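Heads up, protein31.tsv below (TSV, C-alpha atoms):
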chain	number	residue	atom	x	y	z
A	1358	MET	CA	2.28	-9.76	-17.54
A	1359	LYS	CA	-0.43	-7.12	-17.80
A	1360	GLN	CA	-3.15	-9.68	-17.05
A	1361	ALA	CA	-1.26	-10.82	-13.96
A	1362	MET	CA	-0.93	-7.25	-12.73
A	1363	VAL	CA	-4.63	-6.58	-13.27
A	1364	VAL	CA	-5.77	-9.80	-11.58
A	1365	SER	CA	-3.47	-9.40	-8.56
A	1366	GLY	CA	-4.36	-5.73	-8.18
A	1367	MET	CA	-8.09	-6.38	-8.42
A	1368	SER	CA	-7.90	-9.17	-5.84
A	1369	HIS	CA	-6.13	-6.81	-3.43
A	1370	VAL	CA	-8.74	-4.07	-3.88
A	1371	MET	CA	-11.69	-6.49	-3.65
A	1372	VAL	CA	-10.47	-7.82	-0.31
A	1373	LYS	CA	-10.08	-4.27	0.99
A	1374	LEU	CA	-13.61	-3.48	-0.18
A	1375	PHE	CA	-15.51	-6.52	1.12
A	1376	ALA	CA	-13.52	-7.92	4.06
A	1377	PRO	CA	-14.46	-5.17	6.58
A	1378	TRP	CA	-18.16	-5.81	5.90
A	1379	VAL	CA	-17.88	-9.38	7.15
A	1380	SER	CA	-18.89	-9.66	10.78
A	1381	TRP	CA	-15.98	-10.28	13.14
A	1382	LYS	CA	-18.04	-13.05	14.75
A	1383	VAL	CA	-17.55	-15.10	11.57
A	1384	LEU	CA	-13.77	-15.13	12.03
A	1385	PRO	CA	-12.16	-13.80	15.24
A	1386	TYR	CA	-8.76	-12.11	15.26
A	1387	SER	CA	-6.96	-15.33	16.16
A	1388	GLY	CA	-8.48	-17.00	13.11
A	1389	LYS	CA	-7.52	-14.05	10.94
A	1390	ILE	CA	-3.89	-14.28	12.06
A	1391	VAL	CA	-3.79	-17.99	11.20
A	1392	LEU	CA	-5.35	-17.24	7.82
A	1393	LEU	CA	-2.72	-14.54	7.17
A	1394	PHE	CA	0.04	-16.99	8.02
A	1395	VAL	CA	-1.39	-19.62	5.65
A	1396	LEU	CA	-1.93	-17.17	2.77
A	1397	HIS	CA	1.58	-15.72	2.90
A	1398	THR	CA	3.30	-19.07	3.38
A	1399	VAL	CA	1.38	-20.68	0.50
A	1400	ALA	CA	2.09	-17.64	-1.69
A	1401	PHE	CA	5.84	-17.78	-1.10
A	1402	LEU	CA	5.97	-21.55	-1.63
A	1403	ILE	CA	4.05	-21.37	-4.90
A	1404	ILE	CA	6.19	-18.50	-6.22
A	1405	VAL	CA	9.38	-20.38	-5.36
A	1406	VAL	CA	8.38	-23.88	-6.52
A	1407	ALA	CA	5.88	-23.41	-9.36
A	1408	ASN	CA	7.02	-23.10	-12.97
A	1409	SER	CA	3.82	-22.48	-14.90
A	1410	PRO	CA	2.61	-18.88	-15.22
A	1411	ALA	CA	-0.88	-19.84	-14.01
A	1412	SER	CA	0.48	-21.37	-10.81
A	1413	ARG	CA	2.72	-18.42	-10.14
A	1414	LEU	CA	-0.25	-16.12	-10.70
A	1415	VAL	CA	-2.11	-18.04	-7.99
A	1416	GLY	CA	0.82	-17.40	-5.67
A	1417	VAL	CA	0.83	-13.68	-6.44
A	1418	VAL	CA	-2.93	-13.45	-5.88
A	1419	SER	CA	-2.58	-15.32	-2.58
A	1420	PHE	CA	0.06	-12.85	-1.47
A	1421	GLN	CA	-2.04	-9.85	-2.49
A	1422	VAL	CA	-5.07	-11.21	-0.63
A	1423	GLY	CA	-2.97	-11.84	2.47
A	1424	ASN	CA	-1.41	-8.40	2.25
A	1425	ALA	CA	-4.81	-6.71	2.03
A	1426	MET	CA	-6.21	-8.75	4.92
A	1427	ALA	CA	-3.15	-7.98	7.05
A	1428	GLU	CA	-3.63	-4.24	6.62
A	1429	ASN	CA	-7.34	-4.48	7.44
A	1430	THR	CA	-6.78	-6.75	10.42
A	1431	PHE	CA	-3.97	-4.88	12.16
A	1432	LEU	CA	-5.47	-1.43	11.66
A	1433	SER	CA	-8.79	-2.63	13.06
A	1434	LEU	CA	-6.92	-4.28	15.91
A	1435	GLY	CA	-5.27	-0.94	16.67
A	1436	THR	CA	-8.68	0.35	17.78
A	1437	PHE	CA	-8.19	-1.36	21.14
A	1438	TYR	CA	-4.67	-0.03	21.77
A	1439	GLY	CA	-4.95	3.68	21.01
A	1440	ASP	CA	-3.60	6.06	18.40
A	1441	VAL	CA	0.02	5.12	19.08
A	1442	ALA	CA	-0.66	1.58	17.90
A	1443	VAL	CA	-2.24	2.86	14.69
A	1444	ILE	CA	0.63	5.19	13.80
A	1445	SER	CA	3.08	2.44	14.76
A	1446	PHE	CA	1.52	0.27	12.07
A	1447	ALA	CA	1.97	3.09	9.56
A	1448	ALA	CA	5.63	3.47	10.53
A	1449	GLY	CA	6.17	-0.28	10.31
A	1450	GLY	CA	4.77	-0.35	6.79
A	1451	GLY	CA	7.22	2.33	5.71
A	1452	LEU	CA	10.14	0.49	7.29
A	1453	GLY	CA	9.11	-2.73	5.57
A	1454	ALA	CA	9.04	-1.00	2.17
A	1455	VAL	CA	12.59	0.32	2.62
A	1456	LEU	CA	13.97	-2.97	3.92
A	1457	GLY	CA	12.20	-4.89	1.16
A	1458	THR	CA	13.69	-2.70	-1.55
A	1459	LEU	CA	17.17	-2.94	-0.06
A	1460	TYR	CA	16.91	-6.69	0.48
A	1461	TYR	CA	15.58	-7.69	-2.94
A	1462	SER	CA	17.67	-5.21	-4.95
A	1463	GLY	CA	20.82	-5.99	-3.03
A	1464	ILE	CA	20.54	-9.76	-2.98
A	1465	SER	CA	19.35	-10.15	-6.58
A	1466	ALA	CA	21.38	-7.42	-8.32
A	1467	TRP	CA	24.60	-7.09	-6.35
A	1468	THR	CA	25.08	-10.73	-5.36
A	1469	CYS	CA	23.35	-12.25	-8.45
A	1470	VAL	CA	21.17	-14.54	-6.31
A	1471	PRO	CA	18.22	-15.87	-8.37
A	1472	PRO	CA	14.91	-14.18	-7.52
A	1473	ARG	CA	13.32	-17.44	-6.37
A	1474	ILE	CA	16.08	-18.02	-3.85
A	1475	ALA	CA	15.72	-14.44	-2.65
A	1476	VAL	CA	11.99	-14.97	-2.11
A	1477	SER	CA	12.53	-18.31	-0.38
A	1478	PHE	CA	14.55	-16.58	2.36
A	1479	LEU	CA	11.39	-14.69	3.32
A	1480	ILE	CA	9.30	-17.77	4.14
A	1481	PRO	CA	10.34	-17.91	7.84
A	1482	ALA	CA	9.22	-14.28	8.22
A	1483	THR	CA	5.58	-15.41	7.95
A	1484	PHE	CA	5.83	-16.90	11.46
A	1485	PHE	CA	6.05	-13.37	12.87
A	1486	PHE	CA	2.28	-13.05	12.37
A	1487	VAL	CA	1.69	-15.85	14.87
A	1488	PHE	CA	4.50	-14.96	17.29
A	1489	MET	CA	3.62	-11.27	17.55
A	1490	TYR	CA	-0.09	-11.90	18.05
A	1491	ALA	CA	0.65	-14.57	20.67
A	1492	ALA	CA	2.79	-12.08	22.60
A	1493	LEU	CA	0.16	-9.34	22.36
A	1494	ASP	CA	-1.95	-8.42	25.39
A	1495	LYS	CA	-5.39	-9.46	24.19
A	1496	SER	CA	-7.40	-8.41	27.25
A	1497	HIS	CA	-8.86	-5.43	25.35
A	1498	VAL	CA	-9.97	-7.65	22.48
A	1499	ASP	CA	-11.46	-10.25	24.85
A	1500	GLN	CA	-13.29	-7.50	26.72
A	1501	ARG	CA	-14.81	-6.31	23.44
A	1502	SER	CA	-15.94	-9.85	22.65
A	1503	ARG	CA	-17.65	-10.18	26.03
A	1504	HIS	CA	-19.26	-6.76	25.58
A	1505	ASN	CA	-20.65	-7.70	22.17
A	1506	SER	CA	-22.03	-10.97	23.50
A	1507	THR	CA	-25.32	-11.33	25.33
A	1508	CYS	CA	-25.81	-9.63	28.70
A	1509	PHE	CA	-26.77	-13.02	30.17
A	1510	PRO	CA	-23.86	-15.30	29.25
A	1511	GLU	CA	-25.03	-18.11	31.51
A	1512	VAL	CA	-28.40	-18.41	29.80
A	1513	ASP	CA	-28.71	-20.29	26.52
A	1514	TYR	CA	-31.46	-19.07	24.27
A	1515	ASP	CA	-32.21	-18.57	20.58
A	1516	ALA	CA	-33.19	-15.16	19.28
A	1517	PHE	CA	-36.35	-14.82	17.24
A	1518	GLY	CA	-35.96	-14.62	13.48
A	1519	ASP	CA	-37.27	-11.06	13.35
A	1520	GLN	CA	-34.76	-9.97	15.99
A	1521	GLN	CA	-31.87	-11.52	14.05
A	1522	LYS	CA	-32.94	-9.80	10.83
A	1523	ALA	CA	-33.33	-6.48	12.61
A	1524	SER	CA	-29.89	-6.83	14.22
A	1525	LYS	CA	-28.21	-7.63	10.89
A	1526	LEU	CA	-30.05	-4.78	9.17
A	1527	SER	CA	-29.02	-2.37	11.91
A	1528	MET	CA	-25.38	-3.46	11.63
A	1529	ILE	CA	-25.38	-2.97	7.86
A	1530	THR	CA	-27.02	0.43	8.26
A	1531	VAL	CA	-24.35	1.53	10.72
A	1532	LYS	CA	-21.55	0.39	8.40
A	1533	VAL	CA	-23.09	2.23	5.45
A	1534	ARG	CA	-23.41	5.37	7.55
A	1535	VAL	CA	-19.79	5.13	8.70
A	1536	SER	CA	-18.60	4.51	5.12
A	1537	LEU	CA	-20.38	7.62	3.89
A	1538	HIS	CA	-19.03	9.60	6.85
A	1539	ILE	CA	-15.40	8.79	6.02
A	1540	PHE	CA	-15.81	8.84	2.22
A	1541	VAL	CA	-14.06	12.21	1.89
A	1542	PRO	CA	-10.85	11.14	3.73
A	1543	ILE	CA	-10.82	7.95	1.66
A	1544	SER	CA	-11.12	10.02	-1.52
A	1545	TYR	CA	-8.19	12.22	-0.47
A	1546	LEU	CA	-6.14	9.10	0.20
A	1547	PHE	CA	-7.02	7.74	-3.24
A	1548	MET	CA	-5.98	10.98	-4.93
A	1549	GLN	CA	-2.67	11.02	-3.08
A	1550	PHE	CA	-1.70	7.42	-3.80
A	1551	PHE	CA	-2.84	7.64	-7.41
A	1552	ALA	CA	-0.58	10.64	-7.99
A	1553	ASP	CA	2.26	8.99	-6.08
A	1554	ARG	CA	2.16	5.63	-7.85
A	1555	HIS	CA	1.53	7.13	-11.26
A	1556	SER	CA	4.53	9.42	-10.81
A	1557	ILE	CA	6.90	6.75	-9.51
A	1558	GLN	CA	5.94	4.04	-12.00
A	1559	THR	CA	5.33	5.91	-15.24
A	1560	ILE	CA	6.68	9.48	-15.00
A	1561	ILE	CA	9.87	9.18	-12.96
A	1562	PRO	CA	11.43	6.49	-15.24
A	1563	THR	CA	11.26	8.90	-18.19
A	1564	LEU	CA	13.57	11.26	-16.29
A	1565	ALA	CA	16.42	8.73	-16.29
A	1566	LEU	CA	19.53	9.94	-18.08
A	1567	PRO	CA	21.40	7.12	-19.88
A	1568	GLU	CA	24.71	8.98	-19.88
A	1569	LYS	CA	24.60	9.26	-16.08
A	1570	ALA	CA	23.59	5.74	-15.13
A	1571	HIS	CA	24.53	4.64	-11.63
A	1572	GLY	CA	26.21	1.34	-10.95
A	1573	LEU	CA	24.54	-1.97	-11.50
A	1574	ILE	CA	20.84	-1.33	-11.41
A	1575	GLY	CA	20.18	1.97	-13.15
A	1576	HIS	CA	18.20	4.98	-12.10
A	1577	TYR	CA	14.79	3.62	-11.20
A	1578	THR	CA	15.90	1.63	-8.17
A	1579	TYR	CA	17.60	4.69	-6.72
A	1580	TYR	CA	14.51	6.79	-7.36
A	1581	SER	CA	12.27	4.17	-5.76
A	1582	LEU	CA	14.55	3.71	-2.76
A	1583	THR	CA	14.78	7.47	-2.17
A	1584	HIS	CA	10.99	7.68	-2.41
A	1585	ASP	CA	10.59	4.85	0.10
A	1586	ILE	CA	12.97	6.52	2.56
A	1587	GLY	CA	10.94	9.72	2.34
A	1588	SER	CA	7.77	7.70	2.86
A	1589	LEU	CA	9.30	6.08	5.94
A	1590	ILE	CA	10.05	9.48	7.45
A	1591	GLY	CA	6.55	10.72	6.65
A	1592	ARG	CA	4.96	7.61	8.15
A	1593	SER	CA	7.05	7.58	11.33
A	1594	TYR	CA	7.42	11.24	12.31
A	1595	LEU	CA	4.26	11.18	14.45
A	1596	LEU	CA	5.43	8.04	16.23
A	1597	LEU	CA	8.84	9.54	16.96
A	1598	LEU	CA	7.28	12.74	18.26
A	1599	SER	CA	4.78	10.84	20.42
A	1600	ILE	CA	7.67	8.97	22.04
A	1601	THR	CA	10.16	11.84	22.41
A	1602	CYS	CA	7.90	14.92	22.69
A	1603	PRO	CA	4.29	13.91	23.38
A	1604	CYS	CA	3.21	17.50	23.93
A	1605	VAL	CA	4.35	18.42	20.40
A	1606	ALA	CA	2.86	15.40	18.63
A	1607	SER	CA	-0.73	16.71	18.71
A	1608	TYR	CA	0.34	19.98	17.11
A	1609	ALA	CA	2.31	18.16	14.39
A	1610	GLN	CA	-0.75	16.21	13.28
A	1611	ILE	CA	-2.19	17.34	9.93
A	1612	LYS	CA	-5.94	17.24	10.31
A	1613	HIS	CA	-6.76	18.65	6.87
A	1614	THR	CA	-5.47	15.86	4.67
A	1615	TRP	CA	-6.78	17.56	1.53
A	1616	ILE	CA	-3.69	19.78	1.76
A	1617	LEU	CA	-1.43	16.75	1.39
A	1618	ALA	CA	-3.54	15.37	-1.48
A	1619	ALA	CA	-3.35	18.73	-3.28
A	1620	ALA	CA	0.42	18.90	-2.75
A	1621	GLY	CA	0.85	15.39	-4.15
A	1622	ASN	CA	-1.16	16.11	-7.28
A	1623	ILE	CA	0.70	19.39	-7.84
A	1624	MET	CA	3.98	17.49	-7.66
A	1625	MET	CA	2.67	14.95	-10.15
A	1626	PHE	CA	1.96	17.68	-12.71
A	1627	CYS	CA	5.38	19.21	-12.03
A	1628	LEU	CA	6.98	15.86	-12.81
A	1629	VAL	CA	4.95	15.63	-16.02
A	1630	PHE	CA	6.37	19.02	-17.02
A	1631	LEU	CA	9.89	17.80	-16.25
A	1632	SER	CA	9.39	14.62	-18.28
A	1633	TRP	CA	8.23	16.61	-21.31
A	1634	PHE	CA	10.82	19.38	-21.42
A	1635	HIS	CA	13.71	17.99	-19.28
A	1636	PRO	CA	14.76	21.34	-17.83
A	1637	ILE	CA	16.59	19.47	-15.05
A	1638	VAL	CA	19.59	17.37	-16.01
A	1639	GLU	CA	20.93	16.66	-12.53
A	1640	VAL	CA	19.99	13.31	-11.04
A	1641	GLU	CA	20.37	14.69	-7.53
A	1642	VAL	CA	17.48	17.11	-8.07
A	1643	ILE	CA	15.22	14.25	-9.21
A	1644	LEU	CA	16.21	12.24	-6.13
A	1645	VAL	CA	15.19	15.16	-3.91
A	1646	LEU	CA	11.82	15.36	-5.68
A	1647	CYS	CA	11.29	11.62	-5.12
A	1648	PHE	CA	12.18	12.03	-1.45
A	1649	VAL	CA	9.74	14.92	-0.96
A	1650	PHE	CA	6.99	13.05	-2.82
A	1651	GLY	CA	7.47	9.99	-0.63
A	1652	MET	CA	7.43	12.11	2.53
A	1653	ILE	CA	4.13	13.73	1.52
A	1654	THR	CA	2.55	10.35	0.77
A	1655	GLY	CA	3.84	8.82	4.00
A	1656	SER	CA	2.55	11.76	6.04
A	1657	HIS	CA	-0.86	11.41	4.42
A	1658	TYR	CA	-1.01	7.71	5.30
A	1659	ALA	CA	0.06	8.36	8.91
A	1660	ASN	CA	-2.38	11.22	9.52
A	1661	SER	CA	-5.44	9.69	7.84
A	1662	PRO	CA	-6.24	7.07	10.54
A	1663	LEU	CA	-5.97	9.75	13.22
A	1664	VAL	CA	-8.51	11.81	11.31
A	1665	ILE	CA	-10.74	8.73	11.16
A	1666	THR	CA	-10.49	8.09	14.91
A	1667	GLU	CA	-11.47	11.69	15.63
A	1668	GLN	CA	-14.49	11.54	13.34
A	1669	VAL	CA	-15.70	8.11	14.51
A	1670	ARG	CA	-15.97	7.91	18.28
A	1671	ASP	CA	-17.72	4.59	18.87
A	1672	ALA	CA	-15.21	1.75	19.27
A	1673	THR	CA	-17.10	-0.77	17.13
A	1674	GLU	CA	-17.68	1.76	14.36
A	1675	ARG	CA	-14.06	2.87	14.55
A	1676	GLU	CA	-12.95	-0.74	14.17
A	1677	PHE	CA	-14.86	-0.96	10.90
A	1678	ALA	CA	-13.72	2.49	9.73
A	1679	LEU	CA	-10.03	1.75	10.26
A	1680	GLY	CA	-10.45	-1.51	8.38
A	1681	ILE	CA	-11.97	0.06	5.29
A	1682	PHE	CA	-10.24	3.44	5.02
A	1683	THR	CA	-7.14	1.95	3.34
A	1684	LEU	CA	-9.37	1.10	0.38
A	1685	GLY	CA	-8.40	4.55	-0.88
A	1686	SER	CA	-4.67	3.88	-0.78
A	1687	SER	CA	-5.03	0.44	-2.35
A	1688	ALA	CA	-7.29	1.63	-5.16
A	1689	GLY	CA	-4.97	4.56	-5.83
A	1690	THR	CA	-1.92	2.31	-5.88
A	1691	LYS	CA	-3.42	-0.26	-8.27
A	1692	ALA	CA	-5.13	2.22	-10.58
A	1693	PRO	CA	-2.17	3.81	-12.47
A	1694	PRO	CA	-1.32	2.09	-15.77
A	1695	GLY	CA	2.12	1.03	-16.86
A	1696	THR	CA	4.94	-0.83	-15.17
A	1697	LYS	CA	8.10	0.18	-13.41
A	1698	LEU	CA	10.53	-0.62	-16.18
A	1699	VAL	CA	8.80	1.00	-19.18
A	1700	SER	CA	10.86	4.10	-19.87
A	1701	ALA	CA	11.43	6.31	-22.86
A	1702	HIS	CA	15.03	6.86	-21.83
A	1703	GLY	CA	15.66	3.79	-19.70
A	1704	VAL	CA	18.84	1.77	-19.34
A	1705	TYR	CA	18.44	-1.96	-18.64
A	1706	PHE	CA	21.09	-3.76	-16.63
A	1707	THR	CA	21.80	-7.40	-15.93
A	1708	CYS	CA	22.95	-8.50	-12.51
A	1709	ASN	CA	26.63	-8.37	-13.48
A	1710	GLY	CA	26.40	-4.72	-14.44
A	1711	THR	CA	26.34	-5.05	-18.24
A	1712	VAL	CA	23.71	-3.31	-20.32
A	1713	ASP	CA	21.03	-5.59	-21.74
A	1714	HIS	CA	21.05	-4.23	-25.30
A	1715	GLN	CA	18.25	-6.55	-26.40
A	1716	LEU	CA	15.80	-5.07	-23.91
A	1717	GLU	CA	17.09	-1.60	-24.65
A	1718	SER	CA	16.55	-2.01	-28.42
A	1719	LYS	CA	13.06	-3.43	-27.84
A	1720	SER	CA	12.22	-0.44	-25.65
A	1721	LYS	CA	13.46	2.03	-28.29
A	1722	HIS	CA	11.49	0.20	-31.00
A	1723	LEU	CA	8.35	0.29	-28.86
A	1724	ASN	CA	8.82	3.98	-28.12
A	1725	SER	CA	9.31	4.77	-31.82
A	1726	ILE	CA	6.02	3.02	-32.62
A	1727	ILE	CA	4.26	5.00	-29.89
A	1728	MET	CA	5.69	8.28	-31.21
A	1729	ARG	CA	4.54	7.47	-34.76
A	1730	VAL	CA	1.03	6.75	-33.47
A	1731	ILE	CA	0.99	10.04	-31.54
A	1732	LEU	CA	2.19	12.02	-34.58
A	1733	ALA	CA	-0.36	10.35	-36.83
A	1734	THR	CA	-3.12	11.16	-34.34
A	1735	GLU	CA	-2.03	14.80	-34.21
A	1736	ARG	CA	-2.11	15.03	-37.99
A	1737	ASP	CA	-5.60	13.54	-38.08
A	1738	VAL	CA	-6.79	16.04	-35.48
A	1739	LYS	CA	-5.32	18.96	-37.44

Starting from the coordinates I provided, produce the structure as structure tokens.
Amino acid sequence: MKQAMVVSGMSHVMVKLFAPWVSWKVLPYSGKIVLLFVLHTVAFLIIVVANSPASRLVGVVSFQVGNAMAENTFLSLGTFYGDVAVISFAAGGGLGAVLGTLYYSGISAWTCVPPRIAVSFLIPATFFFVFMYAALDKSHVDQRSRHNSTCFPEVDYDAFGDQQKASKLSMITVKVRVSLHIFVPISYLFMQFFADRHSIQTIIPTLALPEKAHGLIGHYTYYSLTHDIGSLIGRSYLLLLSITCPCVASYAQIKHTWILAAAGNIMMFCLVFLSWFHPIVEVEVILVLCFVFGMITGSHYANSPLVITEQVRDATEREFALGIFTLGSSAGTKAPPGTKLVSAHGVYFTCNGTVDHQLESKSKHLNSIIMRVILATERDVK
């Protein structure tokens, strides 16, 4: 399990790191969309059909690669359609997270549908990549392609070797310069998503109260869903303002994203304090904290590309910058250790609402071993 998480997470980050450096002439946007469709379809089919862990790991890696390429591709594509298109992508990502949580939790926990069947229902959704791109007005993209081509399109000629090397070297130099220019916003995004994911996956589950368990699926799903709803609001508030009150949208933009990163890390340390001393016993208060945390993270994700577009004015450079800036969010998301269901005070439920005492006893045994190791370490230090 841990190896699968590490491999899938590393594949996602590696694609975010190296894909924007590949020249768009190697694979145009139409080819990227087809590749996204193939990667997601193959991933879903392997996850549904395969039985061996190695095969299912291939499916997970395929999905992670496709997910990373989709984020790079559509954000870069937003360069040609303005800031509204970029913040629309951010809002769509938040909506997808909420709908995904509701869909999978509802269909697998409340209706007891096997996970493979639940995943198989998502296979037709991969066609939206092709349908949406086919319906998109691609005149801006085609105009960019003609602009990047030679000034004499009717004349066929081969460039000298020295000219080709100089052109490639110049392109790499520009990308390095842009990467260094936006390194600080990427770092802020990494700090925010590291604090967010570390809190939601490893700190929040320790706040669950067994005597106040909710329904069929325990505390963590409610915490995660509340966090995703807050993230949706944070990701979409700029889009809603730009549609309803365009004159107010520019003033609502947060240009100093370090403020959001600082707020997220402060909240993480507050949650660590709560997990140690448990001064709060009301689940409602924890749900509010999850909601606020998600809203801060979503706002950071929505405002970061606007900061990038203001710092990088050239369209070609902005296309590269928007493709690579989400490296910070991906690295921050994949960096925190632990898994969702490891909890010192967790309650484990089956789909019919009964407590899985075997998992619960294993968790308590594991936690007792960890506590003994911590106590022994403290004695050695003293």

Q: Write out as a list of chain:residue names which residues come within 8 Å of A:Val1629 when counting all atoms listed in the file, dropping same-chain ones fewer than 4 positions away.
A: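 Here the qualifying residues turn out to be A:Ile1560, A:Met1625, A:Trp1633.
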
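Between A:Val1418 and the candidates A:Val1406, A:His1369, A:Leu1374, A:Tyr1438, the tightest atom-to-atom separation, counting only C-alpha atoms, involves A:His1369.
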
Q: Tell me which of A:Thr1683, A:Thr1458, A:Asn1622, A:Asn1429 sits closest to A:Phe1551, counting only C-alpha atoms.
A: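 Residue with the minimum atom-to-atom distance to A:Phe1551: A:Asn1622.
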
(Q) If we count all atoms listed in the file and set the cut-off at 10 Å, which residues sit around A:Met1367, ignoring sequence neighbours fewer than 2 positions away in its own chain? Please answer as a PyMOL selection string. (A) chain A and resi 1361-1365+1369-1373+1418+1421-1422+1687-1688+1691-1692

Q. Pick the closest to A:Ala1482 from A:Arg1534, A:His1635, A:Arg1670, A:His1397: which is it, counting all atoms listed in the file?
A.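 Ranking A:Arg1534, A:His1635, A:Arg1670, A:His1397 by distance to A:Ala1482, first place goes to A:His1397.
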
Q.
List the spatial neighbours of A:Leu1396 as a list in words - criterion: any atom at most 8 Å away, only C-alpha atoms, same-chain residues fewer than 5 positions off excluded.
A. Ser1419, Phe1420, Val1422 and Gly1423 of chain A

Q: For atom CA of A:Phe1431 and atom CA of A:Val1379, quote the distance in Å rounded to one decimal.
A: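 About the pair atom CA of A:Phe1431 and atom CA of A:Val1379: they are 15.5 Å apart.
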